[in-house]
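Everything below belongs to my_file-v6.pdb, which stores PDB, C-alpha atoms.
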```
ATOM      1  CA  HIS A   1     -29.735  -5.141 -17.793
ATOM      2  CA  ASP A   2     -31.395  -3.807 -20.939
ATOM      3  CA  TYR A   3     -28.882  -1.052 -21.782
ATOM      4  CA  PHE A   4     -25.993  -3.521 -21.846
ATOM      5  CA  LEU A   5     -27.697  -6.470 -23.532
ATOM      6  CA  LYS A   6     -29.002  -4.951 -26.781
ATOM      7  CA  THR A   7     -26.218  -6.393 -28.932
ATOM      8  CA  PRO A   8     -23.936  -9.373 -28.424
ATOM      9  CA  PRO A   9     -20.268  -8.593 -27.719
ATOM     10  CA  ARG A  10     -17.706  -9.043 -30.494
ATOM     11  CA  PRO A  11     -15.511 -12.146 -30.245
ATOM     12  CA  GLY A  12     -12.621 -11.544 -27.847
ATOM     13  CA  ALA A  13     -14.259  -8.414 -26.415
ATOM     14  CA  PRO A  14     -14.071  -7.789 -22.675
ATOM     15  CA  ARG A  15     -17.054  -8.949 -20.663
ATOM     16  CA  GLN A  16     -19.943  -6.569 -20.235
ATOM     17  CA  VAL A  17     -19.599  -4.060 -17.431
ATOM     18  CA  ARG A  18     -20.533  -5.643 -14.122
ATOM     19  CA  PRO A  19     -20.896  -3.643 -10.896
ATOM     20  CA  LYS A  20     -18.664  -4.500  -7.957
ATOM     21  CA  SER A  21     -20.833  -2.782  -5.342
ATOM     22  CA  VAL A  22     -24.406  -1.700  -4.688
ATOM     23  CA  ASN A  23     -23.480   1.912  -5.454
ATOM     24  CA  GLN A  24     -21.928   0.941  -8.787
ATOM     25  CA  ARG A  25     -25.152  -0.927  -9.650
ATOM     26  CA  ARG A  26     -27.183   2.191  -8.804
ATOM     27  CA  TYR A  27     -24.804   4.294 -10.926
ATOM     28  CA  LEU A  28     -25.023   1.957 -13.939
ATOM     29  CA  ASP A  29     -28.818   1.759 -13.632
ATOM     30  CA  ALA A  30     -29.025   5.553 -13.488
ATOM     31  CA  ILE A  31     -26.919   5.931 -16.647
ATOM     32  CA  ASP A  32     -29.228   3.464 -18.380
ATOM     33  CA  ARG A  33     -32.418   5.228 -17.260
ATOM     34  CA  CYS A  34     -31.577   8.932 -17.215
ATOM     35  CA  ASP A  35     -30.312  11.538 -19.662
ATOM     36  CA  ILE A  36     -28.090  13.328 -17.120
ATOM     37  CA  VAL A  37     -26.319  11.475 -14.314
ATOM     38  CA  PHE A  38     -24.109  12.941 -11.600
ATOM     39  CA  GLY A  39     -21.546  10.446 -10.303
ATOM     40  CA  VAL A  40     -20.470  11.988  -7.008
ATOM     41  CA  GLY A  41     -18.009  10.234  -4.738
ATOM     42  CA  PRO A  42     -14.388   9.749  -3.770
ATOM     43  CA  ALA A  43     -11.604   8.645  -6.099
ATOM     44  CA  GLY A  44     -11.315   4.920  -6.665
ATOM     45  CA  THR A  45     -15.033   4.141  -6.656
ATOM     46  CA  GLY A  46     -15.183   3.360 -10.383
ATOM     47  CA  LYS A  47     -17.005   6.457 -11.632
ATOM     48  CA  SER A  48     -14.713   7.072 -14.605
ATOM     49  CA  TYR A  49     -14.235   3.393 -15.424
ATOM     50  CA  CYS A  50     -17.954   2.596 -15.455
ATOM     51  CA  ALA A  51     -18.843   5.669 -17.539
ATOM     52  CA  GLY A  52     -16.019   5.065 -20.023
ATOM     53  CA  ALA A  53     -16.826   1.362 -20.361
ATOM     54  CA  LEU A  54     -20.537   2.042 -20.940
ATOM     55  CA  ALA A  55     -19.702   4.698 -23.523
ATOM     56  CA  ALA A  56     -17.414   2.221 -25.315
ATOM     57  CA  GLU A  57     -20.124  -0.463 -25.332
ATOM     58  CA  ALA A  58     -22.685   2.003 -26.672
ATOM     59  CA  LEU A  59     -20.330   3.160 -29.449
ATOM     60  CA  GLU A  60     -19.376  -0.366 -30.443
ATOM     61  CA  SER A  61     -23.002  -1.514 -30.603
ATOM     62  CA  GLY A  62     -24.080   1.496 -32.682
ATOM     63  CA  ARG A  63     -26.434   2.939 -30.054
ATOM     64  CA  ILE A  64     -24.386   6.151 -30.161
ATOM     65  CA  ASP A  65     -22.275   7.785 -32.874
ATOM     66  CA  LYS A  66     -19.816   9.755 -30.776
ATOM     67  CA  ILE A  67     -18.124   9.913 -27.380
ATOM     68  CA  ILE A  68     -17.071  13.301 -26.011
ATOM     69  CA  ILE A  69     -14.782  13.375 -22.981
ATOM     70  CA  THR A  70     -14.108  16.705 -21.347
ATOM     71  CA  ARG A  71     -12.765  18.067 -18.120
ATOM     72  CA  PRO A  72     -11.659  21.449 -16.824
ATOM     73  CA  ALA A  73      -8.039  22.407 -17.410
ATOM     74  CA  VAL A  74      -7.424  22.762 -13.683
ATOM     75  CA  GLU A  75      -5.028  20.318 -12.084
ATOM     76  CA  ALA A  76      -3.359  21.173  -8.782
ATOM     77  CA  GLY A  77      -2.588  24.729  -9.913
ATOM     78  CA  GLU A  78      -1.185  23.830 -13.354
ATOM     79  CA  GLN A  79      -2.601  24.870 -16.714
ATOM     80  CA  LEU A  80      -2.554  23.436 -20.231
ATOM     81  CA  GLY A  81      -0.207  26.181 -21.384
ATOM     82  CA  PHE A  82       2.681  24.671 -19.433
ATOM     83  CA  LEU A  83       2.538  21.422 -21.414
ATOM     84  CA  PRO A  84       4.391  21.053 -24.734
ATOM     85  CA  GLY A  85       2.768  20.492 -28.110
ATOM     86  CA  LYS A  86      -0.505  21.235 -29.880
ATOM     87  CA  LEU A  87      -3.851  21.368 -28.091
ATOM     88  CA  GLU A  88      -4.437  17.647 -28.764
ATOM     89  CA  ASP A  89      -1.042  16.784 -27.231
ATOM     90  CA  LYS A  90      -1.620  19.054 -24.248
ATOM     91  CA  PHE A  91      -5.075  17.678 -23.523
ATOM     92  CA  SER A  92      -4.220  14.035 -24.148
ATOM     93  CA  VAL A  93      -2.677  13.730 -20.686
ATOM     94  CA  TYR A  94      -6.026  14.757 -19.229
ATOM     95  CA  ILE A  95      -7.916  11.889 -20.891
ATOM     96  CA  ASP A  96      -5.266   9.189 -20.575
ATOM     97  CA  ALA A  97      -7.328   7.339 -17.963
ATOM     98  CA  PHE A  98     -10.284   7.200 -20.348
ATOM     99  CA  ARG A  99      -8.059   6.224 -23.237
ATOM    100  CA  ASP A 100      -6.885   3.215 -21.244
ATOM    101  CA  ILE A 101     -10.501   2.241 -20.557
ATOM    102  CA  LEU A 102     -11.491   2.684 -24.207
ATOM    103  CA  ASN A 103      -8.432   0.733 -25.394
ATOM    104  CA  GLU A 104      -9.369  -2.104 -23.054
ATOM    105  CA  ARG A 105     -12.985  -2.175 -24.186
ATOM    106  CA  LEU A 106     -12.634  -1.414 -27.918
ATOM    107  CA  GLY A 107      -9.020  -2.178 -28.796
ATOM    108  CA  LYS A 108      -6.247   0.334 -29.431
ATOM    109  CA  GLY A 109      -6.646   0.348 -33.218
ATOM    110  CA  VAL A 110     -10.368   1.091 -33.027
ATOM    111  CA  VAL A 111      -9.782   3.884 -30.511
ATOM    112  CA  GLU A 112      -7.104   5.510 -32.677
ATOM    113  CA  TYR A 113      -9.366   5.263 -35.737
ATOM    114  CA  CYS A 114     -12.269   6.830 -33.816
ATOM    115  CA  LEU A 115     -10.039   9.615 -32.499
ATOM    116  CA  ARG A 116      -8.807  10.413 -36.026
ATOM    117  CA  HIS A 117     -12.350  10.455 -37.440
ATOM    118  CA  GLY A 118     -14.018  12.423 -34.649
ATOM    119  CA  ARG A 119     -16.062   9.568 -33.199
ATOM    120  CA  ILE A 120     -14.151   9.896 -29.930
ATOM    121  CA  VAL A 121     -13.346  13.485 -28.974
ATOM    122  CA  GLY A 122     -11.378  14.764 -25.999
ATOM    123  CA  ALA A 123     -11.245  18.491 -25.333
ATOM    124  CA  PRO A 124     -10.922  20.949 -22.443
ATOM    125  CA  LEU A 125     -14.223  22.191 -21.061
ATOM    126  CA  ALA A 126     -13.400  25.739 -22.227
ATOM    127  CA  TYR A 127     -13.555  24.479 -25.847
ATOM    128  CA  MET A 128     -17.161  23.302 -25.391
ATOM    129  CA  ARG A 129     -18.489  26.870 -25.516
ATOM    130  CA  GLY A 130     -20.636  27.388 -28.613
ATOM    131  CA  LYS A 131     -20.973  23.642 -29.322
ATOM    132  CA  THR A 132     -24.104  21.564 -28.980
ATOM    133  CA  PHE A 133     -23.999  17.917 -28.002
ATOM    134  CA  ASN A 134     -26.134  16.295 -30.665
ATOM    135  CA  ALA A 135     -28.306  13.203 -30.516
ATOM    136  CA  SER A 136     -26.543   9.852 -30.319
ATOM    137  CA  THR A 137     -23.672  11.333 -28.316
ATOM    138  CA  PHE A 138     -22.360  10.088 -24.970
ATOM    139  CA  VAL A 139     -20.717  12.974 -23.098
ATOM    140  CA  ILE A 140     -18.556  12.537 -20.002
ATOM    141  CA  LEU A 141     -17.521  15.537 -17.908
ATOM    142  CA  ASP A 142     -14.848  14.317 -15.496
ATOM    143  CA  GLU A 143     -13.345  16.129 -12.493
ATOM    144  CA  ALA A 144     -16.460  18.320 -12.322
ATOM    145  CA  GLN A 145     -15.529  19.521  -8.828
ATOM    146  CA  ASN A 146     -13.058  21.845 -10.592
ATOM    147  CA  VAL A 147     -15.765  23.556 -12.638
ATOM    148  CA  SER A 148     -17.236  26.887 -11.564
ATOM    149  CA  PRO A 149     -21.033  27.321 -11.463
ATOM    150  CA  VAL A 150     -20.800  29.511 -14.585
ATOM    151  CA  GLN A 151     -18.805  26.856 -16.464
ATOM    152  CA  MET A 152     -21.269  24.163 -15.379
ATOM    153  CA  LYS A 153     -24.190  26.242 -16.648
ATOM    154  CA  MET A 154     -22.384  26.671 -19.974
ATOM    155  CA  PHE A 155     -21.814  22.906 -20.161
ATOM    156  CA  LEU A 156     -25.390  21.977 -19.273
ATOM    157  CA  THR A 157     -26.826  24.349 -21.879
ATOM    158  CA  ARG A 158     -24.850  22.500 -24.587
ATOM    159  CA  ILE A 159     -26.934  19.336 -24.137
ATOM    160  CA  GLY A 160     -29.153  18.454 -27.093
ATOM    161  CA  GLU A 161     -31.993  15.934 -27.325
ATOM    162  CA  ASP A 162     -31.290  12.202 -27.028
ATOM    163  CA  CYS A 163     -27.842  12.870 -25.611
ATOM    164  CA  LYS A 164     -26.463  10.873 -22.668
ATOM    165  CA  VAL A 165     -24.449  12.979 -20.206
ATOM    166  CA  VAL A 166     -22.436  11.718 -17.227
ATOM    167  CA  ILE A 167     -20.889  14.254 -14.859
ATOM    168  CA  ASN A 168     -18.350  12.853 -12.391
ATOM    169  CA  GLY A 169     -16.539  14.409  -9.493
ATOM    170  CA  ASP A 170     -15.671  14.535  -5.815
ATOM    171  CA  ALA A 171     -16.613  17.848  -4.193
ATOM    172  CA  ASN A 172     -14.124  17.161  -1.387
ATOM    173  CA  GLN A 173     -11.215  17.257  -3.893
ATOM    174  CA  SER A 174     -11.894  20.656  -5.476
ATOM    175  CA  ASP A 175      -8.828  22.614  -6.653
ATOM    176  CA  ILE A 176     -10.718  25.862  -7.276
ATOM    177  CA  ARG A 177     -11.559  28.652  -4.874
ATOM    178  CA  GLY A 178     -15.150  29.411  -4.064
ATOM    179  CA  PRO A 179     -18.249  27.378  -4.911
ATOM    180  CA  ASN A 180     -17.945  24.591  -7.443
ATOM    181  CA  GLY A 181     -20.340  23.847 -10.256
ATOM    182  CA  LEU A 182     -20.773  20.198  -9.311
ATOM    183  CA  ASP A 183     -22.418  20.977  -5.958
ATOM    184  CA  ASP A 184     -24.387  23.847  -7.489
ATOM    185  CA  ALA A 185     -25.785  21.723 -10.329
ATOM    186  CA  VAL A 186     -26.645  18.767  -8.087
ATOM    187  CA  LYS A 187     -28.637  21.077  -5.787
ATOM    188  CA  LYS A 188     -30.428  22.889  -8.616
ATOM    189  CA  LEU A 189     -31.253  19.848 -10.764
ATOM    190  CA  ARG A 190     -32.091  17.350  -8.029
ATOM    191  CA  GLY A 191     -35.538  15.874  -8.535
ATOM    192  CA  LEU A 192     -35.902  16.780 -12.210
ATOM    193  CA  PRO A 193     -37.121  14.015 -14.519
ATOM    194  CA  SER A 194     -34.298  12.287 -16.444
ATOM    195  CA  VAL A 195     -31.687  13.587 -13.973
ATOM    196  CA  HIS A 196     -30.149  11.355 -11.320
TER     197      HIS A 196
END
```
Let me see the file written as structure tokens.
Amino acid sequence: HDYFLKTPPRPGAPRQVRPKSVNQRRYLDAIDRCDIVFGVGPAGTGKSYCAGALAAEALESGRIDKIIITRPAVEAGEQLGFLPGKLEDKFSVYIDAFRDILNERLGKGVVEYCLRHGRIVGAPLAYMRGKTFNASTFVILDEAQNVSPVQMKMFLTRIGEDCKVVINGDANQSDIRGPNGLDDAVKKLRGLPSVH
């Protein structure tokens, strides 16, 4: 698979990402081919793992310069304000799953270095307003079923050229009232070139 085989892995690095099902193969192929990919399905299907592992491979090989991981600050009725610490401390619990994936793929020291130097960024979706995702950036929006249509529009309008964007979620697990931005965006963008 061309996207994964552009550079040889470093010694001792985990094996390249291999799909465990037909749907995972379709998902990985879509991320390779398209600029915007919606990973829609139930928990436990490997959406976050595959996206995080591909982002780590792309960063390590130099195909991208930055990974941005974001998700809405909605979690079973709780908000970031109830957690102790600075914004980074509050939001870190929301990206712990990705941090584990990145640590596995890149090594803990590399991940901490990249976090300190802004090459890996984790932030609540609300903090994406006014930012543009530049070229050579791999952006992952996780738990997108908890995003409103207005928030999703804001997120999608942040996307710059040559930026890879993966949007994951399970519409059946939404914790918000009313329509969710994941379903809305999938319906509106379906069939567009470079969107899968």
Problem set entry | Straight-line distance linking CA of Ala144 in chain A with CA of Thr70 in chain A, stated in Å to one decimal | 9.5 Å
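The space separating CA of Pro193 in chain A from CA of Ser61 in chain A comes to 26.4 Å.
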Can you give me, as a PDB file with C-alpha atoms, keeping the file's coordinate frame, the residues this file yields under the PyMOL selection byres ((chain A and resi 175-187) around 8)?
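Saved to result_3.pdb:
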```pdb
ATOM      1  CA  PHE A  38     -24.109  12.941 -11.600  1.00  0.00           C
ATOM      2  CA  VAL A  74      -7.424  22.762 -13.683  1.00  0.00           C
ATOM      3  CA  GLU A  75      -5.028  20.318 -12.084  1.00  0.00           C
ATOM      4  CA  ALA A  76      -3.359  21.173  -8.782  1.00  0.00           C
ATOM      5  CA  GLY A  77      -2.588  24.729  -9.913  1.00  0.00           C
ATOM      6  CA  ALA A 144     -16.460  18.320 -12.322  1.00  0.00           C
ATOM      7  CA  GLN A 145     -15.529  19.521  -8.828  1.00  0.00           C
ATOM      8  CA  ASN A 146     -13.058  21.845 -10.592  1.00  0.00           C
ATOM      9  CA  VAL A 147     -15.765  23.556 -12.638  1.00  0.00           C
ATOM     10  CA  SER A 148     -17.236  26.887 -11.564  1.00  0.00           C
ATOM     11  CA  PRO A 149     -21.033  27.321 -11.463  1.00  0.00           C
ATOM     12  CA  VAL A 150     -20.800  29.511 -14.585  1.00  0.00           C
ATOM     13  CA  GLN A 151     -18.805  26.856 -16.464  1.00  0.00           C
ATOM     14  CA  MET A 152     -21.269  24.163 -15.379  1.00  0.00           C
ATOM     15  CA  LYS A 153     -24.190  26.242 -16.648  1.00  0.00           C
ATOM     16  CA  GLY A 169     -16.539  14.409  -9.493  1.00  0.00           C
ATOM     17  CA  ALA A 171     -16.613  17.848  -4.193  1.00  0.00           C
ATOM     18  CA  GLN A 173     -11.215  17.257  -3.893  1.00  0.00           C
ATOM     19  CA  SER A 174     -11.894  20.656  -5.476  1.00  0.00           C
ATOM     20  CA  LYS A 188     -30.428  22.889  -8.616  1.00  0.00           C
ATOM     21  CA  LEU A 189     -31.253  19.848 -10.764  1.00  0.00           C
ATOM     22  CA  ARG A 190     -32.091  17.350  -8.029  1.00  0.00           C
TER      23      ARG A 190
END
```
Exercise. Mind pulling up the distance from CA of Tyr113 in chain A to CA of Ile36 in chain A?
Worked result: 27.6 Å
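Residue nearest Pro72 in chain A, chosen from A:Glu57, A:Glu143, A:Asp170, A:Asp96 and counting all atoms listed in the file: A:Glu143.
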Exercise. What would the list of residues within 7 Å of (-9.5, 20.5, -21.1) (file frame) look like as a ChimeraX atom specification, if only C-alpha atoms are what count?
Worked result: /A:70-73,91,94,123-126
For the residues in the current selection, export C-alpha atoms as a compact mmCIF listing (two decimals), in the coordinates of the input.
```txt
# COMPACT_ATOMS: atom_id res chain seq x y z
CA THR A 70 -14.11 16.70 -21.35
CA ARG A 71 -12.76 18.07 -18.12
CA PRO A 72 -11.66 21.45 -16.82
CA ALA A 73 -8.04 22.41 -17.41
CA PHE A 91 -5.08 17.68 -23.52
CA TYR A 94 -6.03 14.76 -19.23
CA ALA A 123 -11.24 18.49 -25.33
CA PRO A 124 -10.92 20.95 -22.44
CA LEU A 125 -14.22 22.19 -21.06
CA ALA A 126 -13.40 25.74 -22.23
```
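This file, queried with the PyMOL selection byres ((chain A and resi 56) around 9), gives the residues Ala51, Gly52, Ala53, Leu54, Ala55, Glu57, Ala58, Leu59, Glu60, Ser61, Ile67, Ile101, Leu102, Arg105 and Leu106 of chain A.
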Keeping C-alpha atoms, export the residues of the selection given above as a tab-separated table (two decimals), in the coordinates of the input.
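In the end it all went to again27.tsv:
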```tsv
chain	number	residue	atom	x	y	z
A	51	ALA	CA	-18.84	5.67	-17.54
A	52	GLY	CA	-16.02	5.07	-20.02
A	53	ALA	CA	-16.83	1.36	-20.36
A	54	LEU	CA	-20.54	2.04	-20.94
A	55	ALA	CA	-19.70	4.70	-23.52
A	57	GLU	CA	-20.12	-0.46	-25.33
A	58	ALA	CA	-22.68	2.00	-26.67
A	59	LEU	CA	-20.33	3.16	-29.45
A	60	GLU	CA	-19.38	-0.37	-30.44
A	61	SER	CA	-23.00	-1.51	-30.60
A	67	ILE	CA	-18.12	9.91	-27.38
A	101	ILE	CA	-10.50	2.24	-20.56
A	102	LEU	CA	-11.49	2.68	-24.21
A	105	ARG	CA	-12.98	-2.17	-24.19
A	106	LEU	CA	-12.63	-1.41	-27.92
```
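You can rank A:Asn23, A:Phe138, A:Asn172, A:Gly44 by their closest distance to Gly62 in chain A using all atoms listed in the file, and at the top of that list sits A:Phe138.
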May I have the protein, DNA and RNA residues with any atom at most 7 Å from the point (-25.2, 5.5, -16.4), counting all atoms listed in the file, written as a PDB file with C-alpha atoms, in the coordinates of the input?
```
ATOM      1  CA  TYR A  27     -24.804   4.294 -10.926  1.00  0.00           C
ATOM      2  CA  LEU A  28     -25.023   1.957 -13.939  1.00  0.00           C
ATOM      3  CA  ASP A  29     -28.818   1.759 -13.632  1.00  0.00           C
ATOM      4  CA  ALA A  30     -29.025   5.553 -13.488  1.00  0.00           C
ATOM      5  CA  ILE A  31     -26.919   5.931 -16.647  1.00  0.00           C
ATOM      6  CA  ASP A  32     -29.228   3.464 -18.380  1.00  0.00           C
ATOM      7  CA  VAL A  37     -26.319  11.475 -14.314  1.00  0.00           C
ATOM      8  CA  ALA A  51     -18.843   5.669 -17.539  1.00  0.00           C
ATOM      9  CA  VAL A 166     -22.436  11.718 -17.227  1.00  0.00           C
TER      10      VAL A 166
END
```
Please report, as JSON, the centre and edge lengths in Å to one decimal of an axis-aligned box covering all listed atoms of range 97-105 of chain A with 4 Å per side.
```
{"center_x": -9.9, "center_y": 2.6, "center_z": -21.7, "size_x": 14.1, "size_y": 17.5, "size_z": 15.4}
```
For this session: Report as an NGL selection string the residues that result from applying the PyMOL selection byres ((chain A and resi 119) around 10) to the structure here.
Result: :A and (59 or 64-68 or 111-118 or 120-121 or 137)
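For the choices A:Thr45, A:Thr132, A:Ser194, A:Asn168, the atom-to-atom distance to Arg33 in chain A is smallest for A:Ser194 when using all atoms listed in the file.
When only C-alpha atoms are used to compute distances to Arg99 in chain A, the closest of the residues A:Val139, A:Met128, A:Tyr49, A:Asn134 turns out to be A:Tyr49.
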For this session: Pick out the closest residue to Arg63 in chain A from this set: A:Asn103, A:Ser21, A:Thr157, A:Ser136. Count all atoms listed in the file.
Result: A:Ser136
